[in-house]
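Q: Contents of final14.cif (mmCIF, C-alpha atoms (C1' of nucleotides)) are below:
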data_run
#
loop_
_atom_site.label_atom_id
_atom_site.label_comp_id
_atom_site.auth_asym_id
_atom_site.auth_seq_id
_atom_site.Cartn_x
_atom_site.Cartn_y
_atom_site.Cartn_z
CA MET F 1 175.87 59.76 76.16
CA SER F 2 173.91 62.34 74.23
CA ASP F 3 172.11 65.18 75.91
CA VAL F 4 168.83 63.43 76.55
CA ASP F 5 166.64 64.98 79.21
CA ILE F 6 166.44 62.37 81.94
CA PHE F 7 163.39 64.10 83.40
CA LYS F 8 161.50 63.66 80.15
CA VAL F 9 162.60 60.06 79.96
CA LEU F 10 161.30 59.38 83.46
CA ALA F 11 158.15 61.45 82.95
CA ASP F 12 156.49 58.43 81.37
CA PRO F 13 154.89 56.12 83.97
CA THR F 14 155.37 53.05 81.81
CA ARG F 15 159.10 53.65 81.59
CA ARG F 16 159.34 54.07 85.35
CA ALA F 17 157.40 50.82 85.80
CA VAL F 18 159.79 49.08 83.41
CA LEU F 19 162.74 50.30 85.44
CA GLU F 20 161.11 49.07 88.62
CA ARG F 21 160.47 45.63 87.16
CA LEU F 22 164.05 45.44 85.97
CA THR F 23 165.38 46.04 89.47
CA ALA F 24 163.89 42.69 90.44
CA ALA F 25 165.58 40.77 87.67
CA GLU F 26 167.12 40.95 84.23
CA MET F 27 164.40 40.42 81.62
CA THR F 28 163.68 40.20 77.92
CA ALA F 29 161.33 42.62 76.19
CA THR F 30 158.67 39.94 75.89
CA GLU F 31 158.87 39.06 79.57
CA LEU F 32 158.59 42.73 80.44
CA ARG F 33 155.56 43.10 78.26
CA SER F 34 153.47 40.70 80.34
CA GLY F 35 151.19 42.68 82.59
CA PHE F 36 151.64 45.93 80.73
CA ASP F 37 148.86 45.82 78.12
CA ILE F 38 151.14 47.41 75.59
CA SER F 39 152.14 46.37 72.08
CA GLN F 40 155.54 44.91 71.29
CA PRO F 41 156.70 47.96 69.30
CA ALA F 42 155.60 50.31 72.08
CA MET F 43 157.71 48.39 74.59
CA SER F 44 160.60 48.33 72.15
CA GLN F 45 160.39 52.09 71.77
CA HIS F 46 160.33 52.64 75.52
CA LEU F 47 163.35 50.41 75.93
CA ALA F 48 165.17 52.38 73.25
CA VAL F 49 164.48 55.62 75.10
CA LEU F 50 165.68 54.14 78.39
CA ARG F 51 168.80 52.78 76.74
CA GLU F 52 169.64 56.10 75.06
CA ALA F 53 169.35 57.73 78.48
CA GLY F 54 171.83 55.23 79.90
CA LEU F 55 169.24 53.91 82.34
CA ILE F 56 169.32 50.33 81.05
CA SER F 57 171.76 48.20 79.10
CA GLU F 58 171.22 45.17 76.93
CA ARG F 59 172.91 41.80 76.55
CA ARG F 60 172.08 39.88 73.41
CA ASP F 61 171.49 36.17 73.79
CA GLY F 62 170.68 34.71 70.39
CA ARG F 63 167.43 36.20 69.29
CA PHE F 64 166.67 37.35 72.80
CA VAL F 65 167.81 40.59 74.35
CA ASN F 66 168.13 40.72 78.10
CA TYR F 67 167.75 44.14 79.68
CA ARG F 68 169.05 45.24 83.04
CA VAL F 69 169.00 48.45 85.06
CA GLU F 70 172.04 50.71 84.80
CA PRO F 71 171.75 52.71 88.02
CA LYS F 72 174.61 54.99 87.03
CA GLY F 73 172.23 56.51 84.52
CA LEU F 74 170.42 58.06 87.47
CA ALA F 75 173.48 60.09 88.42
CA PRO F 76 172.27 63.27 86.67
CA LEU F 77 169.01 63.08 88.58
CA HIS F 78 170.88 62.50 91.80
CA GLU F 79 173.12 65.47 91.20
CA TRP F 80 170.19 67.67 90.38
CA LEU F 81 168.42 66.69 93.57
CA ALA F 82 171.54 67.22 95.66
CA ARG F 83 171.39 70.94 94.94
CA TYR F 84 168.03 71.14 96.66
CA ARG F 85 168.85 68.86 99.52
CA VAL F 86 170.66 71.78 101.10
CA PHE F 87 167.26 73.38 101.66
CA TRP F 88 165.95 70.20 103.12
CA PRO F 89 166.73 69.83 106.81
CA ASP F 90 163.67 67.72 107.57
CA ARG F 91 164.82 64.72 105.64
CA ILE F 92 168.46 64.49 106.59
CA ASP F 93 167.72 61.85 109.18
CA SER F 94 166.02 59.51 106.75
CA LEU F 95 168.90 60.07 104.37
CA LYS F 96 171.32 59.06 107.09
CA ASP F 97 169.27 55.93 107.63
CA VAL F 98 169.74 55.04 104.00
CA LEU F 99 173.48 55.42 104.31
CA ARG F 100 173.60 53.43 107.53
CA GLU F 101 171.73 50.66 105.78
CA MET F 102 174.19 50.66 102.94
CA ASP F 103 177.18 50.57 105.24
CA GLN F 104 176.16 47.20 106.59
CA MET J 1 147.98 67.85 97.18
CA SER J 2 146.48 66.08 94.22
CA ASP J 3 148.25 63.26 92.49
CA VAL J 4 150.30 65.33 90.09
CA ASP J 5 153.21 63.55 88.45
CA ILE J 6 156.27 65.33 89.74
CA PHE J 7 158.35 63.88 86.92
CA LYS J 8 156.11 65.50 84.34
CA VAL J 9 156.22 68.77 86.24
CA LEU J 10 160.02 68.72 86.25
CA ALA J 11 160.25 67.48 82.67
CA ASP J 12 159.96 71.06 81.47
CA PRO J 13 163.35 72.84 81.37
CA THR J 14 161.79 76.24 81.97
CA ARG J 15 160.18 75.04 85.18
CA ARG J 16 163.47 73.59 86.40
CA ALA J 17 165.17 76.89 85.59
CA VAL J 18 162.49 78.73 87.54
CA LEU J 19 163.08 76.48 90.54
CA GLU J 20 166.80 77.10 90.29
CA ARG J 21 166.36 80.87 90.19
CA LEU J 22 164.06 80.70 93.17
CA THR J 23 166.69 78.95 95.27
CA ALA J 24 168.75 82.13 95.07
CA ALA J 25 165.97 84.38 96.32
CA GLU J 26 162.25 84.84 96.66
CA MET J 27 160.93 86.53 93.53
CA THR J 28 157.85 87.89 91.84
CA ALA J 29 156.60 86.52 88.54
CA THR J 30 157.81 89.60 86.70
CA GLU J 31 161.29 89.38 88.19
CA LEU J 32 161.43 85.73 87.23
CA ARG J 33 160.44 86.54 83.71
CA SER J 34 163.55 88.61 83.02
CA GLY J 35 166.01 86.56 81.04
CA PHE J 36 163.52 83.91 80.04
CA ASP J 37 162.10 85.21 76.73
CA ILE J 38 158.69 83.98 77.68
CA SER J 39 155.33 85.73 77.84
CA GLN J 40 153.73 86.71 81.12
CA PRO J 41 150.90 84.16 80.82
CA ALA J 42 153.36 81.39 80.03
CA MET J 43 155.28 82.15 83.22
CA SER J 44 152.05 82.34 85.17
CA GLN J 45 151.03 78.92 83.86
CA HIS J 46 154.37 77.38 84.78
CA LEU J 47 154.13 78.84 88.27
CA ALA J 48 150.65 77.37 88.63
CA VAL J 49 151.96 73.92 87.69
CA LEU J 50 154.84 74.22 90.15
CA ARG J 51 152.49 75.39 92.88
CA GLU J 52 150.05 72.55 92.30
CA ALA J 53 152.94 70.14 92.62
CA GLY J 54 153.86 71.67 95.95
CA LEU J 55 157.26 72.75 94.65
CA ILE J 56 156.74 76.45 95.28
CA SER J 57 154.53 78.54 97.51
CA GLU J 58 153.33 82.10 97.17
CA ARG J 59 153.06 85.07 99.49
CA ARG J 60 150.86 87.90 98.34
CA ASP J 61 152.15 91.41 98.89
CA GLY J 62 149.62 93.88 97.55
CA ARG J 63 149.46 93.38 93.83
CA PHE J 64 152.71 91.44 93.86
CA VAL J 65 153.06 87.75 94.50
CA ASN J 66 156.36 86.53 95.84
CA TYR J 67 157.25 82.94 95.05
CA ARG J 68 159.66 80.77 96.96
CA VAL J 69 160.89 77.19 96.66
CA GLU J 70 159.15 74.59 98.77
CA PRO J 71 161.83 71.88 98.95
CA LYS J 72 159.50 69.47 100.68
CA GLY J 73 157.73 69.14 97.35
CA LEU J 74 160.76 67.21 96.14
CA ALA J 75 160.19 64.48 98.72
CA PRO J 76 158.41 62.14 96.26
CA LEU J 77 161.33 62.42 93.88
CA HIS J 78 163.75 61.76 96.71
CA GLU J 79 161.84 58.71 97.80
CA TRP J 80 161.70 57.38 94.28
CA LEU J 81 165.45 57.80 93.87
CA ALA J 82 166.15 56.16 97.22
CA ARG J 83 164.86 52.86 95.87
CA TYR J 84 167.60 52.85 93.25
CA ARG J 85 170.35 54.12 95.48
CA VAL J 86 170.66 50.59 96.81
CA PHE J 87 172.11 49.63 93.43
CA TRP J 88 174.46 52.54 93.56
CA PRO J 89 177.64 51.90 95.55
CA ASP J 90 179.75 54.31 93.51
CA ARG J 91 178.15 57.44 94.75
CA ILE J 92 177.89 56.83 98.46
CA ASP J 93 180.99 58.86 99.17
CA SER J 94 179.76 61.99 97.45
CA LEU J 95 176.49 61.59 99.28
CA LYS J 96 178.35 61.45 102.57
CA ASP J 97 180.14 64.64 101.58
CA VAL J 98 176.81 66.35 101.17
CA LEU J 99 175.75 65.26 104.65
CA ARG J 100 179.05 66.31 106.18
CA GLU J 101 178.58 69.72 104.63
CA MET J 102 175.13 70.04 106.08
CA ASP J 103 176.22 69.01 109.55
CA GLN J 104 178.43 72.05 109.85
"C1'" DA G 1 137.21 107.30 90.00
"C1'" DT G 2 140.06 105.70 86.82
"C1'" DG G 3 144.12 104.40 84.47
"C1'" DT G 4 148.01 101.48 85.25
"C1'" DC G 5 150.15 97.72 87.10
"C1'" DA G 6 150.84 92.59 88.51
"C1'" DC G 7 149.10 88.62 87.78
"C1'" DA G 8 145.47 84.90 86.41
"C1'" DT G 9 142.48 82.76 83.20
"C1'" DA G 10 140.44 81.64 78.55
"C1'" DA G 11 140.78 80.05 74.05
"C1'" DG G 12 143.15 78.75 70.10
"C1'" DT G 13 147.23 76.74 67.83
"C1'" DA G 14 151.54 74.32 66.90
"C1'" DT G 15 154.55 70.89 68.18
"C1'" DG G 16 155.80 66.78 70.91
"C1'" DT G 17 154.88 62.29 72.50
"C1'" DG G 18 153.09 57.70 72.79
"C1'" DC G 19 150.36 54.69 70.62
"C1'" DT G 20 149.01 51.81 66.68
"C1'" DT G 21 149.65 48.72 62.31
"C1'" DA G 22 152.84 47.28 58.94
"C1'" DT G 23 157.17 45.80 57.76
"C1'" DG G 24 162.27 44.85 58.27
"C1'" DT G 25 166.29 42.20 60.32
"C1'" DG G 26 168.51 38.65 62.37
"C1'" DT G 27 168.11 33.91 64.85
"C1'" DT G 28 166.58 29.42 65.70
"C1'" DG G 29 164.37 24.85 65.19
"C1'" DG G 30 162.52 21.24 62.32
"C1'" DC I 1 165.88 25.89 53.55
"C1'" DC I 2 162.15 28.16 55.56
"C1'" DA I 3 158.70 29.09 58.86
"C1'" DA I 4 158.27 30.85 63.36
"C1'" DC I 5 160.18 33.74 66.61
"C1'" DA I 6 162.25 38.03 69.13
"C1'" DC I 7 162.94 42.34 68.47
"C1'" DA I 8 163.67 46.94 65.79
"C1'" DT I 9 162.15 50.41 62.66
"C1'" DA I 10 158.80 53.15 59.77
"C1'" DA I 11 154.78 55.73 59.17
"C1'" DG I 12 150.58 57.58 60.56
"C1'" DC I 13 147.38 59.11 64.06
"C1'" DA I 14 145.36 60.81 68.55
"C1'" DC I 15 146.10 63.28 72.35
"C1'" DA I 16 148.94 66.11 75.61
"C1'" DT I 17 151.44 70.11 76.38
"C1'" DA I 18 153.50 74.61 76.00
"C1'" DC I 19 153.02 78.52 73.64
"C1'" DT I 20 150.50 82.61 71.93
"C1'" DT I 21 146.93 86.70 72.06
"C1'" DA I 22 143.01 88.43 74.36
"C1'" DT I 23 140.66 89.38 78.36
"C1'" DG I 24 139.57 89.26 83.44
"C1'" DT I 25 140.57 90.55 88.40
"C1'" DG I 26 142.17 92.97 92.05
"C1'" DA I 27 145.48 96.53 94.04
"C1'" DC I 28 147.75 100.86 93.82
"C1'" DA I 29 148.69 105.80 92.58
"C1'" DT I 30 147.18 110.14 91.30
#
Kindly transcribe the structure held in the file into structure tokens.
A:
Amino acid sequence: MSDVDIFKVLADPTRRAVLERLTAAEMTATELRSGFDISQPAMSQHLAVLREAGLISERRDGRFVNYRVEPKGLAPLHEWLARYRVFWPDRIDSLKDVLREMDQ
Amino acid sequence: MSDVDIFKVLADPTRRAVLERLTAAEMTATELRSGFDISQPAMSQHLAVLREAGLISERRDGRFVNYRVEPKGLAPLHEWLARYRVFWPDRIDSLKDVLREMDQ
DNA sequence: ATGTCACATAAGTATGTGCTTATGTGTTGG
DNA sequence: CCAACACATAAGCACATACTTATGTGACAT
């Protein structure tokens, strides 16, 4: 809810990879850590940044915390991009394809 | 053309502001500098980063260099976002509005 | 030709960012 | 209870990044 810079949040490749993994399934921090070669505190810090940006949300389950993607957090990025899509005739068709897909 | 990280390029607010000003009109580095409270080399460095990311292009005119937005450079960002738009039913309508606008 | 202009590049510096180790907090199982 | 566990927070460090001043390069005007 604060004025975090979503571009800076997404500028980190690890955080983008975390988001991508979370699209597949809800996960705990420990589960996320596997395959990342990163310490537990580092992951915890990344998750905090993503949460403060509204990109993920957490659901406590005992001593576990399950994280999931919060796609609405990407709205600012979407709105920013929309301003430039006006100058972007080449890609309208592929955009339409996306919408057609979603309509089904 | 190299593998620059477009998120890191756009993570800088000054560079995003430069892009925004360039959507209004083609401009020289000096023209861009007005209103930015930034040194000439700083602006030059930002423009170099934007150019290397394919987000702007330049057209030499004597000792002036006119810069313009290269919206195609935003394609990687668009493609990245598209992956998450699937999880994003709320905003389809506004997206359709954008397309309807562009069709006219 | 030469000084000025528009811009690029070099080099140094300050601050930001992401990592680490160490420790804190709350939860669970034996 | 208390030891192990899952995660958060603190503090310090290494490196990246954005800035500065200084200087270089090429074009124009006189």
Q: Do you have the CA of Met43 in chain F-CA of Thr30 in chain F distance handy?
A: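 Separation of CA of Met43 in chain F and CA of Thr30 in chain F: 8.6 Å.
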Q: With 8 Å as the limit and counting only C-alpha atoms (C1' of nucleotides), what residues in chain J lie close to chain G? Please list them as a CSV table (one decimal) with C-alpha atoms, in the frame of the given file.
A:
chain,number,residue,atom,x,y,z
J,29,ALA,CA,156.6,86.5,88.5
J,30,THR,CA,157.8,89.6,86.7
J,41,PRO,CA,150.9,84.2,80.8
J,44,SER,CA,152.0,82.3,85.2
J,63,ARG,CA,149.5,93.4,93.8
J,64,PHE,CA,152.7,91.4,93.9
J,65,VAL,CA,153.1,87.8,94.5
Q: How many Å separate CA of Glu52 in chain F from CA of Val4 in chain F?
A: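 CA of Val4 in chain F lies at a distance of 7.5 Å from CA of Glu52 in chain F.
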Q: So the first atom is CA of Glu26 in chain J and the second is CA of Arg60 in chain J; what is the distance between them in Å, to one decimal place?
A: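 Value for the CA of Glu26 in chain J-CA of Arg60 in chain J distance: 11.9 Å.
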Q: Please determine, counting all atoms listed in the file, which residue among J:Val69, J:His78, J:Gly62, J:Gly35 has the shortest atom-to-atom distance to chain I.
A: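 Checking each of J:Val69, J:His78, J:Gly62, J:Gly35 against chain I, counting all atoms listed in the file, the winner is J:Gly62.
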Q: Applied to the shown file, which residues does the PyMOL selection byres ((chain F) within 6 of (chain J)) return, written as a PyMOL selection string?
A: chain F and resi 7-8+11
Q: Would you write out, as a Markdown table, a table of all residues in chain I that have an atom no more than 12 Å from an atom of chain J, listing for each the closest atom pair and the distance in Å to one decimal, considering all atoms listed in the file and ordering rows by chain and rising residue number?
A:
| residue | atom | partner | partner_atom | distance |
| --- | --- | --- | --- | --- |
| I:DA16 | C1' | J:Lys8 | CA | 11.3 |
| I:DT17 | C1' | J:Asp12 | CA | 10.0 |
| I:DA18 | C1' | J:Ala42 | CA | 7.9 |
| I:DC19 | C1' | J:Ala42 | CA | 7.0 |
| I:DT20 | C1' | J:Ser39 | CA | 8.2 |
| I:DT21 | C1' | J:Pro41 | CA | 9.9 |
| I:DA22 | C1' | J:Pro41 | CA | 11.1 |
| I:DT23 | C1' | J:Pro41 | CA | 11.8 |
| I:DT25 | C1' | J:Arg63 | CA | 10.8 |
| I:DG26 | C1' | J:Arg63 | CA | 7.5 |
| I:DA27 | C1' | J:Arg63 | CA | 5.1 |
| I:DC28 | C1' | J:Arg63 | CA | 7.7 |
Q: Contacts of Met27 in chain J at 9 Å or less, counting all atoms listed in the file, minus same-chain residues fewer than 3 places along, as a ChimeraX atom specification?
A: /J:21-22,30-32,65-68
Q: Using all atoms listed in the file, can you tell me which of F:Leu47, F:Pro76, F:Ala25, F:Ser57 comes closest to Asp3 in chain F?
A: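 Result for the nearest residue to Asp3 in chain F: F:Pro76.
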